[in-house]
Amino acid sequence: MVELPGGTYPVVIDGGGLEGLGQAVVRVTASRRVVLVTNPVVGALYSASARASLAQAGFTVVEIEVPDGEVHKTVETWSRLVHALLDAKISRSTPVIALGGGVTGDIVGFAAATVLRGVPLIQVPTTLLAMVDSAVGGKTGVNAAHGKNLVGAFHQPLLVFVALATLRTLPLVEVRAGLAEVVKHGMIGDSTIWDLLEARGPAILDGTDREGLAICVARSALLKARVVSEDERETGIRSLLNFGHTVGHAVEAVMRGQLRHGECVALGMRAELRHAVACARSPVELVAAMDDLLARLGFPVSVPRSVKYSHLDAAAAHDKKRIHATIRVPVVDRIGSSRCIVVDAREVPEMIRHLDVAAPLERLKNAATTSETK
Ligand code: NAD
Ligand code: GLY
């Protein structure tokens with residue numbers, strides 16, 4: 001359960017497919033009509049089973065499609081969706097269901113937050129990333145030319161329905177991208193997740209360890225529910241979930257869809273951790289632990305040479321997490337334990353320069369020692 005002043009909602013984790021969706025939706029709405037929004041890829045795989053389950057539970061279903069892919073996470077797509085919802089004559093009590101990954105969930109969530117000044121939202125995540133992160137917590141939005149997620153709203157769902165069996169069709173590269181957020185959760189707040197990934201990560205990635213995958217989803221949802229319940233609007237502890245995202249979002253903005261969100265977060269975690277070690281805020285051993293786990297999971301370790309630091313600095317300057325000339329960043333003390341500190345925003349370019357992972361561990365060790373003895 002995510003418990004918030006504005007209401008409490010469940011994150012239901014079902015070991016099967018979407019057969020149980022209709023009955024779960026019945027429990028949270030009195031409406032007899034729902035709008036199902038998905039993209040062509042997910043729609044081809046799952047809209048028939050979602051529709052059938054909703055119809056069986058007594059719902060009339062209106063279906064709307066949004067385009068697939070991060071490049072379509074735009075104000076234009078949001079605008080088209082809002083108009084399609086109005087064409088469908090929805091009322092303020094008609095639930096809008098987002099069926100898909102984080103891109104679909106963020107766009108549909110923002111449309112639900114804004115059309116008619118807000119209609120009920122149900123998240124049905126079908127990627128690992130959306131299950132462990134984006135579907136829970138109420139952040140919705142789209143990108144702007146200036147950067148990632150710069151137009152959006154907090155809009156909590158009525159229900160998050162996770163059907164684990166939908167992961168069976170998810171390509172391995174997308175599972176890996178989702179695992180980046182699971183690695184993040186392990187590092188900032190749950191050493192059991194970390195130990196699980198160290199012991200069983202490759203089998204979780206290739207789909208042979210389904211139990212391990214289910215544990216990752218469940219423990220990540222628990223962690224997110226706990227953090228969001230404590231700090232819905234990110235005035236404190238929720239910033240821990242941004243570990244890897246200050247640098248990651250800059251890389252993602254500059255790469256314009258050529259790297260997945262999770263891949264950028266993995267690069268961001270490496271750089272931010274190295275920076276924290278260089279500032280003597282985190283122990284140096286964490287760098288090897290992070291590098292080893294990410295390498296075993298097959299993450300990219302560097303950005304293409306064509307990417308200029310100046311471009312990354314410019315993208316990071318639009319980070320909405322900035323508070324005047326400062327930024328709140330997570331600092332990991334040990335695996336599974338972290339805290340937030342406020343630093344001068346001029347540190348961000350320094351974090352970005354740690355993307356140069358060729359920068360050897362020795363240099364970090366020296367920097368940490370020098371800084372400790374200052
Ligand atoms: P995505 O939504 O683009 O999904 C990846 C691909 O997998 C897409 O082509 C999608 O159609 C396809 N797909 C989805 N489910 C599938 C399935 N079961 N089988 C086969 N294919 C399937 O990417 P993502 O990684 O899920 O989400 C990334 C986005 O999430 C980014 O825009 C990021 O900013 C956002 N995000 C938001 C939050 C938040 O709190 N709102 C948190 C983290 C990330
Ligand atoms: N993905 C970070 C958050 O939800 O706060």
# chains A, B, ... in the order shown; residues from 1 in each chain; ligands from 1
$ residues_around --residues "Leu170 (chain A)" --least-positions-apart "3" --cutoff "9 Å" --atoms "only C-alpha atoms" --output "list in words"
Thr126, Thr127, Leu128, Thr166, Leu167, Val173, Glu174 and Val175 of chain A
$ write_last_selection --atoms "all heavy atoms" --output "short mmCIF file (atom, residue, chain, number, x, y, z; two decimals), in the first residue's frame"
data_model
loop_
_atom_site.label_atom_id
_atom_site.label_comp_id
_atom_site.auth_asym_id
_atom_site.auth_seq_id
_atom_site.Cartn_x
_atom_site.Cartn_y
_atom_site.Cartn_z
N THR A 126 4.11 -2.86 -17.84
CA THR A 126 4.48 -4.11 -18.51
C THR A 126 5.98 -4.23 -18.77
O THR A 126 6.42 -5.17 -19.41
CB THR A 126 3.72 -4.26 -19.85
OG1 THR A 126 4.09 -3.15 -20.69
CG2 THR A 126 2.21 -4.28 -19.65
N THR A 127 6.77 -3.23 -18.34
CA THR A 127 8.23 -3.40 -18.37
C THR A 127 8.70 -3.55 -16.92
O THR A 127 8.04 -3.09 -15.99
CB THR A 127 8.97 -2.20 -18.99
OG1 THR A 127 8.71 -1.04 -18.20
CG2 THR A 127 8.57 -1.96 -20.43
N LEU A 128 9.90 -4.12 -16.78
CA LEU A 128 10.45 -4.25 -15.42
C LEU A 128 10.66 -2.86 -14.82
O LEU A 128 10.35 -2.61 -13.66
CB LEU A 128 11.77 -5.03 -15.47
CG LEU A 128 12.45 -5.23 -14.12
CD1 LEU A 128 11.57 -6.03 -13.17
CD2 LEU A 128 13.81 -5.91 -14.29
N THR A 166 3.61 -10.71 -17.91
CA THR A 166 3.84 -9.87 -19.10
C THR A 166 5.35 -9.68 -19.36
O THR A 166 5.75 -9.34 -20.47
CB THR A 166 3.16 -8.47 -18.97
OG1 THR A 166 3.66 -7.81 -17.81
CG2 THR A 166 1.65 -8.59 -18.89
N LEU A 167 6.16 -9.92 -18.33
CA LEU A 167 7.61 -9.77 -18.53
C LEU A 167 8.19 -10.84 -19.47
O LEU A 167 9.30 -10.70 -19.96
CB LEU A 167 8.34 -9.81 -17.18
CG LEU A 167 8.08 -8.64 -16.24
CD1 LEU A 167 8.82 -8.84 -14.91
CD2 LEU A 167 8.53 -7.31 -16.88
N VAL A 173 17.24 -6.76 -23.39
CA VAL A 173 17.83 -5.42 -23.21
C VAL A 173 16.92 -4.52 -22.35
O VAL A 173 17.40 -3.65 -21.62
CB VAL A 173 18.13 -4.71 -24.56
CG1 VAL A 173 19.36 -5.28 -25.21
CG2 VAL A 173 16.94 -4.74 -25.49
N GLU A 174 15.61 -4.75 -22.47
CA GLU A 174 14.68 -3.94 -21.66
C GLU A 174 14.66 -4.45 -20.21
O GLU A 174 14.49 -3.65 -19.28
CB GLU A 174 13.27 -3.98 -22.26
CG GLU A 174 13.16 -3.43 -23.67
CD GLU A 174 13.46 -1.93 -23.78
OE1 GLU A 174 13.57 -1.26 -22.74
OE2 GLU A 174 13.63 -1.45 -24.92
N VAL A 175 14.82 -5.76 -20.03
CA VAL A 175 14.90 -6.29 -18.65
C VAL A 175 16.14 -5.68 -17.98
O VAL A 175 16.10 -5.22 -16.84
CB VAL A 175 14.98 -7.84 -18.65
CG1 VAL A 175 15.14 -8.35 -17.21
CG2 VAL A 175 13.74 -8.44 -19.29
#
$ residues_near_ligand --ligand "ligand 2" --cutoff "10 Å" --atoms "only C-alpha atoms and all ligand atoms" --output "list in words"
Leu129, Ala130, Val132, Asp133, Ser134, Ala135, Val136, Gly137, Gly138, Lys139, Thr140, Phe154, Glu181, Lys224, Ala225, Val227, Val228, Asp231, Glu232, Arg233, Glu234, Ile237, Arg238, Ser239, Leu240, Leu241, Asn242, Phe243 and His245 of chain A
$ write_last_selection --atoms "C-alpha atoms" --output "tab-separated table (two decimals), in the first residue's frame"
chain	number	residue	atom	x	y	z
A	129	LEU	CA	11.42	-0.58	-15.14
A	130	ALA	CA	7.80	0.53	-14.88
A	132	VAL	CA	9.86	-1.44	-10.04
A	133	ASP	CA	9.83	2.32	-10.40
A	134	SER	CA	7.76	4.55	-12.67
A	135	ALA	CA	4.26	3.11	-12.09
A	136	VAL	CA	4.49	3.68	-8.33
A	137	GLY	CA	4.70	7.13	-6.79
A	138	GLY	CA	2.67	9.47	-8.97
A	139	LYS	CA	5.36	11.23	-11.01
A	140	THR	CA	3.96	11.87	-14.50
A	154	PHE	CA	2.30	14.62	-9.42
A	181	GLU	CA	16.61	0.81	-11.07
A	224	LYS	CA	9.20	2.82	-3.26
A	225	ALA	CA	5.91	2.67	-1.38
A	227	VAL	CA	9.75	6.28	0.52
A	228	VAL	CA	6.83	7.89	-1.34
A	231	ASP	CA	7.82	12.15	1.13
A	232	GLU	CA	5.32	12.36	-1.73
A	233	ARG	CA	6.56	15.67	-3.19
A	234	GLU	CA	10.32	15.05	-2.95
A	237	ILE	CA	14.00	11.40	1.48
A	238	ARG	CA	12.45	10.81	-1.98
A	239	SER	CA	15.57	12.43	-3.46
A	240	LEU	CA	17.37	9.17	-2.61
A	241	LEU	CA	15.52	7.65	-5.58
A	242	ASN	CA	17.36	10.11	-7.84
A	243	PHE	CA	20.67	8.31	-7.32
A	245	HIS	CA	19.66	10.43	-12.29
$ closest_residue --among "A:Val41, A:Val277, A:Ala50, A:Val182" --to "Gly101 (chain A)" --atoms "only C-alpha atoms"
A:Val41
$ closest_residue --among "A:Val329, A:Leu158, A:Val2, A:Val108" --to "Arg27 (chain A)" --atoms "only C-alpha atoms"
A:Leu158
$ atom_distance --atom1 "CA of Arg176 (chain A)" --atom2 "CA of Val301 (chain A)"
13.7 Å
$ closest_residue --among "A:Val42, A:Ala221, A:Val34, A:Ala180" --to "Pro10 (chain A)" --atoms "only C-alpha atoms"
A:Ala221
$ closest_residue --among "A:Thr38, A:Thr60, A:Ser93, A:Ser53" --to "ligand 1" --atoms "only C-alpha atoms and all ligand atoms"
A:Thr38
$ residues_around --residues "region 191-195 of chain A" --least-positions-apart "5" --cutoff "7 Å" --atoms "only C-alpha atoms" --output "list in words"
Val183, Gly186, Cys216, Ile335 and Gly336 of chain A
$ write_last_selection --atoms "N, CA and C atoms" --output "mmCIF file, in the first residue's frame"
data_model
loop_
_atom_site.group_PDB
_atom_site.id
_atom_site.type_symbol
_atom_site.label_atom_id
_atom_site.label_comp_id
_atom_site.auth_asym_id
_atom_site.auth_seq_id
_atom_site.Cartn_x
_atom_site.Cartn_y
_atom_site.Cartn_z
ATOM 1 N N VAL A 183 19.112 -2.225 -9.167
ATOM 2 C CA VAL A 183 20.461 -2.033 -8.601
ATOM 3 C C VAL A 183 20.454 -0.782 -7.728
ATOM 4 N N GLY A 186 18.846 -1.465 -4.459
ATOM 5 C CA GLY A 186 19.736 -2.246 -3.605
ATOM 6 C C GLY A 186 20.780 -1.350 -2.960
ATOM 7 N N CYS A 216 12.638 -9.148 -6.831
ATOM 8 C CA CYS A 216 13.109 -7.791 -7.182
ATOM 9 C C CYS A 216 11.923 -6.842 -7.315
ATOM 10 N N ILE A 335 26.294 -0.354 1.345
ATOM 11 C CA ILE A 335 25.264 -0.958 0.501
ATOM 12 C C ILE A 335 23.968 -1.085 1.293
ATOM 13 N N GLY A 336 22.911 -0.504 0.768
ATOM 14 C CA GLY A 336 21.610 -0.564 1.427
ATOM 15 C C GLY A 336 21.344 0.584 2.374
#
$ closest_residue --among "A:Val25, A:Val265, A:Ala177, A:Leu121" --to "His155 (chain A)" --atoms "only C-alpha atoms"
A:Leu121
$ atom_distance --atom1 "CA of Val35 (chain A)" --atom2 "CA of Gly15 (chain A)"
24.2 Å
$ atom_distance --atom1 "CA of Thr114 (chain A)" --atom2 "CA of Cys264 (chain A)"
28.7 Å
$ closest_residue --among "A:Arg328, A:Arg226, A:Arg51, A:Lys184" --to "ligand 1" --atoms "only C-alpha atoms and all ligand atoms"
A:Lys184
$ decode --residues "region 65-79 of chain A" --atoms "N, CA, C and O atoms" --output "PDB file, in the first residue's frame"
ATOM      1  N   GLU A  65      -4.699   4.671 -28.639  1.00  0.00           N
ATOM      2  CA  GLU A  65      -3.291   4.303 -28.809  1.00  0.00           C
ATOM      3  C   GLU A  65      -2.410   5.554 -28.779  1.00  0.00           C
ATOM      4  O   GLU A  65      -2.789   6.589 -29.342  1.00  0.00           O
ATOM      5  N   VAL A  66      -1.257   5.436 -28.127  1.00  0.00           N
ATOM      6  CA  VAL A  66      -0.230   6.493 -28.212  1.00  0.00           C
ATOM      7  C   VAL A  66       0.992   5.860 -28.879  1.00  0.00           C
ATOM      8  O   VAL A  66       1.171   4.647 -28.803  1.00  0.00           O
ATOM      9  N   PRO A  67       1.843   6.673 -29.528  1.00  0.00           N
ATOM     10  CA  PRO A  67       3.010   6.064 -30.192  1.00  0.00           C
ATOM     11  C   PRO A  67       4.012   5.518 -29.192  1.00  0.00           C
ATOM     12  O   PRO A  67       4.067   5.953 -28.039  1.00  0.00           O
ATOM     13  N   ASP A  68       4.818   4.558 -29.654  1.00  0.00           N
ATOM     14  CA  ASP A  68       5.809   3.893 -28.801  1.00  0.00           C
ATOM     15  C   ASP A  68       7.140   4.643 -28.862  1.00  0.00           C
ATOM     16  O   ASP A  68       7.554   5.096 -29.922  1.00  0.00           O
ATOM     17  N   GLY A  69       7.813   4.743 -27.728  1.00  0.00           N
ATOM     18  CA  GLY A  69       9.201   5.230 -27.742  1.00  0.00           C
ATOM     19  C   GLY A  69       9.383   6.570 -27.049  1.00  0.00           C
ATOM     20  O   GLY A  69       8.516   7.445 -27.092  1.00  0.00           O
ATOM     21  N   GLU A  70      10.586   6.709 -26.439  1.00  0.00           N
ATOM     22  CA  GLU A  70      10.943   7.922 -25.691  1.00  0.00           C
ATOM     23  C   GLU A  70      10.827   9.177 -26.565  1.00  0.00           C
ATOM     24  O   GLU A  70      10.459  10.242 -26.063  1.00  0.00           O
ATOM     25  N   VAL A  71      11.113   9.053 -27.868  1.00  0.00           N
ATOM     26  CA  VAL A  71      11.058  10.245 -28.736  1.00  0.00           C
ATOM     27  C   VAL A  71       9.637  10.807 -28.826  1.00  0.00           C
ATOM     28  O   VAL A  71       9.444  11.960 -29.189  1.00  0.00           O
ATOM     29  N   HIS A  72       8.648   9.966 -28.486  1.00  0.00           N
ATOM     30  CA  HIS A  72       7.251  10.436 -28.537  1.00  0.00           C
ATOM     31  C   HIS A  72       6.751  10.895 -27.175  1.00  0.00           C
ATOM     32  O   HIS A  72       5.565  11.186 -27.032  1.00  0.00           O
ATOM     33  N   LYS A  73       7.635  10.924 -26.179  1.00  0.00           N
ATOM     34  CA  LYS A  73       7.199  11.376 -24.845  1.00  0.00           C
ATOM     35  C   LYS A  73       7.247  12.906 -24.840  1.00  0.00           C
ATOM     36  O   LYS A  73       8.136  13.534 -24.256  1.00  0.00           O
ATOM     37  N   THR A  74       6.304  13.499 -25.553  1.00  0.00           N
ATOM     38  CA  THR A  74       6.360  14.934 -25.831  1.00  0.00           C
ATOM     39  C   THR A  74       5.038  15.622 -25.491  1.00  0.00           C
ATOM     40  O   THR A  74       4.003  14.975 -25.322  1.00  0.00           O
ATOM     41  N   VAL A  75       5.100  16.933 -25.469  1.00  0.00           N
ATOM     42  CA  VAL A  75       3.896  17.742 -25.265  1.00  0.00           C
ATOM     43  C   VAL A  75       2.887  17.459 -26.391  1.00  0.00           C
ATOM     44  O   VAL A  75       1.677  17.431 -26.156  1.00  0.00           O
ATOM     45  N   GLU A  76       3.395  17.222 -27.605  1.00  0.00           N
ATOM     46  CA  GLU A  76       2.493  16.968 -28.743  1.00  0.00           C
ATOM     47  C   GLU A  76       1.699  15.685 -28.518  1.00  0.00           C
ATOM     48  O   GLU A  76       0.489  15.637 -28.749  1.00  0.00           O
ATOM     49  N   THR A  77       2.369  14.623 -28.080  1.00  0.00           N
ATOM     50  CA  THR A  77       1.654  13.354 -27.829  1.00  0.00           C
ATOM     51  C   THR A  77       0.648  13.535 -26.696  1.00  0.00           C
ATOM     52  O   THR A  77      -0.496  13.062 -26.770  1.00  0.00           O
ATOM     53  N   TRP A  78       1.085  14.230 -25.635  1.00  0.00           N
ATOM     54  CA  TRP A  78       0.168  14.513 -24.513  1.00  0.00           C
ATOM     55  C   TRP A  78      -1.069  15.265 -25.015  1.00  0.00           C
ATOM     56  O   TRP A  78      -2.205  14.928 -24.670  1.00  0.00           O
ATOM     57  N   SER A  79      -0.840  16.269 -25.868  1.00  0.00           N
ATOM     58  CA  SER A  79      -1.953  17.083 -26.370  1.00  0.00           C
ATOM     59  C   SER A  79      -2.921  16.224 -27.194  1.00  0.00           C
ATOM     60  O   SER A  79      -4.144  16.307 -27.018  1.00  0.00           O
TER      61      SER A  79
END
